Amino acid sequence: TVTPSTAGLRQWAPRRSDVADAFDRLAAIAAAEKERRAREGAKNDLEAAIYRVRNALDDRAKEIEPVSTKKQREEIASTSRELEDWLYEADAEPAATFNDKRTAFEALWTAVVGRAEELAARPKAIEKFRKALALAKKNATEVWPDERPWLEQEDLDALVKKADDAGAWLDDQEKAQKKLKNHEEPAFRVAELNAKLKPTVVLAARLNAKKKPVVVEDVNATNATDVNATDGNATDANATEVEESEEDAKVTEEMKDEL
């Protein structure tokens, strides 16, 4: 039987320090590769943003001209050219630099597009806002006092006040907006209208959902004749409840339409 010799194996066994160094080198290689991919991705994103915005300047010219000055449009165009030239010399830049430049560049374009979208959406949004307020006030002052007499006058007054407050806020915003040029940042955003309308809508929905209180009668005081009459009244009451439910649904849908 031949026994293998183990002489010299200890000499060639890797030392712990060598293993640690190897792991460190592998980790460094992996980190460098990760950084390279992040840099290339950020660089590509910036380049794509440059061409996307540059094309949009031409494709959406009619849309953005009313809400921007020639100087503002030229700033976007010149910035795109400067960034394109910079890309050829920026291979060693970290990903964060590319991302920061892209964010700043896109902000120039987003501001212009945002003003264009606000200008287009504002008239219809204001119309719907005022219609919703008018409906809430009409329900509180004309419709519900007769059709839903169980509602507290205090609650109806509160609904009117909320609608009036929202209307006064919009009046102030429209006055401020008239003082601004279309190329300036708007006095208010369309999205703010929903937030300002919400307190009125929430209270109106709560009042609309409030049912007529149930009246409990003294059963000991009823005779057979009263029982028969009660049965007839119950039928009428059921029919009334159905009518009220249908009316509630109608009012709720009207509020939704206005919103």
# chains A, B, ... in the order shown; residues from 1 in each chain; ligands from 1
>>> residues_around(residues="A:Glu106", least_positions_apart="3", cutoff="8 Å", atoms="only C-alpha atoms", output="PyMOL selection string")
chain A and resi 49+53+102-103+109-110
>>> write_last_selection(atoms="N, CA, C and O atoms", output="PDB file, in the first residue's frame")
ATOM      1  N   ALA A  49     -33.007  62.585 -21.280  1.00  0.00           N
ATOM      2  CA  ALA A  49     -33.769  63.771 -20.880  1.00  0.00           C
ATOM      3  C   ALA A  49     -33.463  64.952 -21.797  1.00  0.00           C
ATOM      4  O   ALA A  49     -34.365  65.730 -22.148  1.00  0.00           O
ATOM      5  N   VAL A  53     -36.597  66.574 -23.891  1.00  0.00           N
ATOM      6  CA  VAL A  53     -37.023  67.964 -23.679  1.00  0.00           C
ATOM      7  C   VAL A  53     -36.816  68.788 -24.944  1.00  0.00           C
ATOM      8  O   VAL A  53     -37.659  69.612 -25.312  1.00  0.00           O
ATOM      9  N   ARG A 102     -29.546  66.301 -14.232  1.00  0.00           N
ATOM     10  CA  ARG A 102     -30.803  65.934 -14.894  1.00  0.00           C
ATOM     11  C   ARG A 102     -31.999  66.507 -14.132  1.00  0.00           C
ATOM     12  O   ARG A 102     -32.942  67.040 -14.746  1.00  0.00           O
ATOM     13  N   THR A 103     -31.964  66.421 -12.810  1.00  0.00           N
ATOM     14  CA  THR A 103     -33.062  66.944 -11.998  1.00  0.00           C
ATOM     15  C   THR A 103     -33.238  68.449 -12.200  1.00  0.00           C
ATOM     16  O   THR A 103     -34.359  68.949 -12.365  1.00  0.00           O
ATOM     17  N   TRP A 109     -38.045  72.508 -17.496  1.00  0.00           N
ATOM     18  CA  TRP A 109     -39.099  72.120 -18.424  1.00  0.00           C
ATOM     19  C   TRP A 109     -40.408  71.835 -17.698  1.00  0.00           C
ATOM     20  O   TRP A 109     -41.488  72.238 -18.157  1.00  0.00           O
ATOM     21  N   THR A 110     -40.334  71.174 -16.569  1.00  0.00           N
ATOM     22  CA  THR A 110     -41.540  70.828 -15.805  1.00  0.00           C
ATOM     23  C   THR A 110     -42.297  72.079 -15.371  1.00  0.00           C
ATOM     24  O   THR A 110     -43.532  72.093 -15.353  1.00  0.00           O
TER      25      THR A 110
END
>>> residues_around(residues="A:Arg81", least_positions_apart="4", cutoff="12 Å", atoms="only C-alpha atoms", output="compact mmCIF listing (two decimals) with N, CA, C and O atoms, in the first residue's frame")
# COMPACT_ATOMS: atom_id res chain seq x y z
N GLU A 47 -28.82 61.94 -20.84
CA GLU A 47 -28.82 62.09 -22.30
C GLU A 47 -30.23 61.95 -22.87
O GLU A 47 -30.64 62.72 -23.74
N ALA A 49 -33.01 62.58 -21.28
CA ALA A 49 -33.77 63.77 -20.88
C ALA A 49 -33.46 64.95 -21.80
O ALA A 49 -34.36 65.73 -22.15
N ILE A 50 -32.22 65.10 -22.20
CA ILE A 50 -31.83 66.19 -23.09
C ILE A 50 -32.60 66.11 -24.41
O ILE A 50 -33.19 67.09 -24.87
N TYR A 51 -32.61 64.93 -25.01
CA TYR A 51 -33.28 64.78 -26.30
C TYR A 51 -34.80 64.86 -26.15
O TYR A 51 -35.50 65.40 -27.02
N VAL A 53 -36.60 66.57 -23.89
CA VAL A 53 -37.02 67.96 -23.68
C VAL A 53 -36.82 68.79 -24.94
O VAL A 53 -37.66 69.61 -25.31
N ARG A 54 -35.70 68.55 -25.62
CA ARG A 54 -35.43 69.30 -26.84
C ARG A 54 -36.51 69.05 -27.90
O ARG A 54 -36.98 69.98 -28.57
N GLU A 74 -35.38 79.82 -24.33
CA GLU A 74 -33.98 79.80 -24.76
C GLU A 74 -33.09 79.24 -23.66
O GLU A 74 -32.10 78.56 -23.93
N GLU A 75 -33.45 79.50 -22.42
CA GLU A 75 -32.68 78.95 -21.30
C GLU A 75 -32.72 77.42 -21.31
O GLU A 75 -31.71 76.76 -21.08
N ILE A 76 -33.89 76.88 -21.60
CA ILE A 76 -34.02 75.43 -21.67
C ILE A 76 -33.20 74.88 -22.83
O ILE A 76 -32.47 73.88 -22.69
N ALA A 77 -33.30 75.53 -23.98
CA ALA A 77 -32.57 75.07 -25.17
C ALA A 77 -31.06 75.17 -24.98
O ALA A 77 -30.31 74.23 -25.31
N ASP A 85 -22.75 68.91 -24.53
CA ASP A 85 -21.30 69.06 -24.67
C ASP A 85 -20.57 68.53 -23.45
O ASP A 85 -19.50 67.90 -23.57
N TRP A 86 -21.12 68.77 -22.29
CA TRP A 86 -20.48 68.33 -21.04
C TRP A 86 -20.41 66.81 -20.96
O TRP A 86 -19.45 66.25 -20.39
N LEU A 87 -21.40 66.12 -21.52
CA LEU A 87 -21.44 64.66 -21.45
C LEU A 87 -20.19 64.01 -22.04
O LEU A 87 -19.75 62.95 -21.58
N TYR A 88 -19.62 64.62 -23.07
CA TYR A 88 -18.46 64.04 -23.74
C TYR A 88 -17.20 64.08 -22.87
O TYR A 88 -16.23 63.36 -23.13
N PHE A 105 -32.23 70.25 -14.77
CA PHE A 105 -32.63 70.52 -16.15
C PHE A 105 -34.12 70.21 -16.36
O PHE A 105 -34.85 71.02 -16.95
>>> residues_around(residues="A:Lys71", least_positions_apart="6", cutoff="12 Å", atoms="only C-alpha atoms", output="PyMOL selection string")
chain A and resi 65+77-79+108+183
>>> closest_residue(among="A:Leu83, A:Leu197, A:Ala209, A:Ala163", to="A:Asp100", atoms="only C-alpha atoms")
A:Leu83
>>> residues_around(residues="A:Ala96", least_positions_apart="5", cutoff="12 Å", atoms="only C-alpha atoms", output="MDAnalysis selection string")
chainID A and resid 35:36 38:43 45:46 101:103
>>> write_last_selection(atoms="N, CA, C and O atoms", output="compact mmCIF listing (two decimals), in the first residue's frame")
# COMPACT_ATOMS: atom_id res chain seq x y z
N GLU A 35 -20.54 50.81 -9.23
CA GLU A 35 -20.45 52.26 -9.45
C GLU A 35 -20.45 52.57 -10.95
O GLU A 35 -21.06 53.54 -11.39
N ARG A 36 -19.75 51.75 -11.73
CA ARG A 36 -19.69 51.97 -13.17
C ARG A 36 -21.09 51.86 -13.79
O ARG A 36 -21.48 52.69 -14.63
N ALA A 38 -23.97 52.24 -12.27
CA ALA A 38 -24.79 53.37 -11.82
C ALA A 38 -24.45 54.62 -12.61
O ALA A 38 -25.34 55.40 -13.01
N ARG A 39 -23.15 54.85 -12.85
CA ARG A 39 -22.70 56.02 -13.61
C ARG A 39 -23.22 55.97 -15.04
O ARG A 39 -23.72 56.97 -15.56
N GLU A 40 -23.11 54.81 -15.67
CA GLU A 40 -23.57 54.67 -17.05
C GLU A 40 -25.09 54.86 -17.13
O GLU A 40 -25.60 55.49 -18.06
N GLY A 41 -25.80 54.31 -16.15
CA GLY A 41 -27.26 54.48 -16.15
C GLY A 41 -27.67 55.92 -15.97
O GLY A 41 -28.56 56.42 -16.67
N ALA A 42 -27.01 56.61 -15.04
CA ALA A 42 -27.32 58.02 -14.80
C ALA A 42 -26.97 58.88 -16.01
O ALA A 42 -27.69 59.83 -16.37
N LYS A 43 -25.87 58.54 -16.65
CA LYS A 43 -25.44 59.28 -17.85
C LYS A 43 -26.46 59.09 -18.98
O LYS A 43 -26.84 60.05 -19.66
N ASP A 45 -29.60 58.34 -18.63
CA ASP A 45 -30.85 59.03 -18.25
C ASP A 45 -30.77 60.52 -18.57
O ASP A 45 -31.74 61.13 -19.05
N LEU A 46 -29.62 61.11 -18.29
CA LEU A 46 -29.44 62.54 -18.59
C LEU A 46 -29.49 62.78 -20.09
O LEU A 46 -30.14 63.72 -20.56
N LYS A 101 -27.73 67.04 -12.25
CA LYS A 101 -27.86 67.88 -13.44
C LYS A 101 -29.17 67.57 -14.18
O LYS A 101 -29.83 68.48 -14.70
N ARG A 102 -29.55 66.30 -14.23
CA ARG A 102 -30.80 65.93 -14.89
C ARG A 102 -32.00 66.51 -14.13
O ARG A 102 -32.94 67.04 -14.75
N THR A 103 -31.96 66.42 -12.81
CA THR A 103 -33.06 66.94 -12.00
C THR A 103 -33.24 68.45 -12.20
O THR A 103 -34.36 68.95 -12.36
>>> residues_around(residues="A:Glu174", least_positions_apart="2", cutoff="12 Å", atoms="only C-alpha atoms", output="short mmCIF file (atom, residue, chain, number, x, y, z; two decimals) with N, CA, C and O atoms, in the first residue's frame")
data_model
loop_
_atom_site.label_atom_id
_atom_site.label_comp_id
_atom_site.auth_asym_id
_atom_site.auth_seq_id
_atom_site.Cartn_x
_atom_site.Cartn_y
_atom_site.Cartn_z
N ARG A 122 -57.66 75.15 -15.48
CA ARG A 122 -58.19 76.05 -14.46
C ARG A 122 -59.65 76.47 -14.69
O ARG A 122 -60.46 76.40 -13.75
N PRO A 123 -60.06 76.91 -15.87
CA PRO A 123 -61.45 77.37 -16.04
C PRO A 123 -62.49 76.32 -15.69
O PRO A 123 -63.46 76.60 -14.98
N ILE A 126 -62.55 75.57 -11.90
CA ILE A 126 -63.21 76.63 -11.14
C ILE A 126 -64.73 76.54 -11.30
O ILE A 126 -65.49 76.71 -10.33
N GLY A 167 -65.78 79.69 -1.09
CA GLY A 167 -66.00 80.64 -2.17
C GLY A 167 -65.18 81.90 -2.00
O GLY A 167 -64.62 82.44 -2.97
N ALA A 168 -65.06 82.39 -0.75
CA ALA A 168 -64.26 83.59 -0.48
C ALA A 168 -62.79 83.32 -0.77
O ALA A 168 -62.08 84.19 -1.31
N TRP A 169 -62.32 82.12 -0.40
CA TRP A 169 -60.92 81.76 -0.69
C TRP A 169 -60.66 81.79 -2.20
O TRP A 169 -59.65 82.33 -2.64
N LEU A 170 -61.58 81.23 -2.97
CA LEU A 170 -61.39 81.21 -4.42
C LEU A 170 -61.44 82.62 -4.99
O LEU A 170 -60.69 82.95 -5.92
N ASP A 171 -62.30 83.48 -4.45
CA ASP A 171 -62.36 84.86 -4.92
C ASP A 171 -60.99 85.53 -4.76
O ASP A 171 -60.52 86.22 -5.68
N ASP A 172 -60.37 85.34 -3.60
CA ASP A 172 -59.06 85.94 -3.34
C ASP A 172 -58.01 85.38 -4.30
O ASP A 172 -57.15 86.12 -4.80
N ALA A 176 -55.73 87.36 -7.15
CA ALA A 176 -54.27 87.29 -7.19
C ALA A 176 -53.80 86.77 -8.55
O ALA A 176 -52.79 87.24 -9.08
N GLN A 177 -54.53 85.83 -9.12
CA GLN A 177 -54.14 85.26 -10.40
C GLN A 177 -54.23 86.29 -11.52
O GLN A 177 -53.39 86.29 -12.44
N LYS A 178 -55.21 87.19 -11.46
CA LYS A 178 -55.37 88.20 -12.50
C LYS A 178 -54.20 89.19 -12.53
O LYS A 178 -53.96 89.82 -13.55
N LYS A 179 -53.49 89.30 -11.42
CA LYS A 179 -52.35 90.22 -11.37
C LYS A 179 -51.08 89.59 -11.95
O LYS A 179 -50.07 90.28 -12.12
N LEU A 180 -51.13 88.29 -12.23
CA LEU A 180 -49.94 87.58 -12.70
C LEU A 180 -49.97 87.39 -14.22
O LEU A 180 -51.04 87.34 -14.83
N PRO A 186 -48.47 80.24 -11.05
CA PRO A 186 -49.85 80.60 -10.72
C PRO A 186 -50.06 80.85 -9.23
O PRO A 186 -49.31 80.34 -8.40
N ALA A 187 -51.08 81.63 -8.92
CA ALA A 187 -51.39 81.94 -7.53
C ALA A 187 -51.89 80.71 -6.78
O ALA A 187 -51.71 80.60 -5.57
N PHE A 188 -52.52 79.78 -7.49
CA PHE A 188 -53.00 78.55 -6.87
C PHE A 188 -53.01 77.45 -7.92
O PHE A 188 -53.02 77.71 -9.12
N ARG A 189 -52.99 76.23 -7.44
CA ARG A 189 -53.01 75.06 -8.30
C ARG A 189 -54.41 74.45 -8.33
O ARG A 189 -55.17 74.56 -7.37
N VAL A 190 -54.72 73.82 -9.45
CA VAL A 190 -56.03 73.17 -9.59
C VAL A 190 -56.22 72.12 -8.49
O VAL A 190 -57.32 71.94 -7.97
N LEU A 193 -58.01 73.08 -5.27
CA LEU A 193 -59.47 73.24 -5.23
C LEU A 193 -60.14 72.06 -4.53
O LEU A 193 -61.06 72.25 -3.75
#
>>> residues_around(residues="stretch 210-216 of chain A", least_positions_apart="6", cutoff="8 Å", atoms="only C-alpha atoms", output="ChimeraX atom specification")
/A:148,150-151
>>> atom_distance(atom1="atom CA of A:Arg37", atom2="atom CA of A:Asn55")
27.0 Å
>>> decode(residues="stretch 155-169 of chain A", atoms="N, CA, C and O atoms", output="tab-separated table (two decimals), in the first residue's frame")
chain	number	residue	atom	x	y	z
A	155	ASP	N	-76.59	72.62	11.80
A	155	ASP	CA	-75.78	71.90	10.81
A	155	ASP	C	-75.94	72.52	9.42
A	155	ASP	O	-74.97	72.61	8.66
A	156	LEU	N	-77.15	72.92	9.09
A	156	LEU	CA	-77.38	73.55	7.79
A	156	LEU	C	-76.64	74.88	7.70
A	156	LEU	O	-76.05	75.19	6.65
A	157	ASP	N	-76.64	75.64	8.79
A	157	ASP	CA	-75.90	76.90	8.81
A	157	ASP	C	-74.39	76.66	8.67
A	157	ASP	O	-73.68	77.43	7.99
A	158	ALA	N	-73.93	75.58	9.29
A	158	ALA	CA	-72.50	75.25	9.20
A	158	ALA	C	-72.11	74.90	7.77
A	158	ALA	O	-71.02	75.27	7.30
A	159	LEU	N	-73.01	74.23	7.06
A	159	LEU	CA	-72.74	73.87	5.67
A	159	LEU	C	-72.66	75.13	4.80
A	159	LEU	O	-71.78	75.25	3.94
A	160	VAL	N	-73.56	76.06	5.04
A	160	VAL	CA	-73.54	77.32	4.29
A	160	VAL	C	-72.24	78.08	4.55
A	160	VAL	O	-71.62	78.63	3.63
A	161	LYS	N	-71.81	78.10	5.82
A	161	LYS	CA	-70.59	78.82	6.17
A	161	LYS	C	-69.36	78.20	5.49
A	161	LYS	O	-68.48	78.91	4.98
A	162	LYS	N	-69.30	76.87	5.48
A	162	LYS	CA	-68.16	76.22	4.84
A	162	LYS	C	-68.13	76.54	3.34
A	162	LYS	O	-67.06	76.77	2.77
A	163	ALA	N	-69.30	76.54	2.72
A	163	ALA	CA	-69.37	76.87	1.30
A	163	ALA	C	-68.97	78.32	1.06
A	163	ALA	O	-68.25	78.63	0.10
A	164	ASP	N	-69.42	79.22	1.94
A	164	ASP	CA	-69.07	80.63	1.80
A	164	ASP	C	-67.57	80.85	1.98
A	164	ASP	O	-66.94	81.64	1.26
A	165	ASP	N	-66.98	80.15	2.96
A	165	ASP	CA	-65.54	80.29	3.21
A	165	ASP	C	-64.74	79.81	2.00
A	165	ASP	O	-63.75	80.45	1.61
A	166	ALA	N	-65.15	78.69	1.43
A	166	ALA	CA	-64.45	78.16	0.26
A	166	ALA	C	-64.59	79.12	-0.92
A	166	ALA	O	-63.63	79.35	-1.67
A	167	GLY	N	-65.78	79.69	-1.09
A	167	GLY	CA	-66.00	80.64	-2.17
A	167	GLY	C	-65.18	81.90	-2.00
A	167	GLY	O	-64.62	82.44	-2.97
A	168	ALA	N	-65.06	82.39	-0.75
A	168	ALA	CA	-64.26	83.59	-0.48
A	168	ALA	C	-62.79	83.32	-0.77
A	168	ALA	O	-62.08	84.19	-1.31
A	169	TRP	N	-62.32	82.12	-0.40
A	169	TRP	CA	-60.92	81.76	-0.69
A	169	TRP	C	-60.66	81.79	-2.20
A	169	TRP	O	-59.65	82.33	-2.64
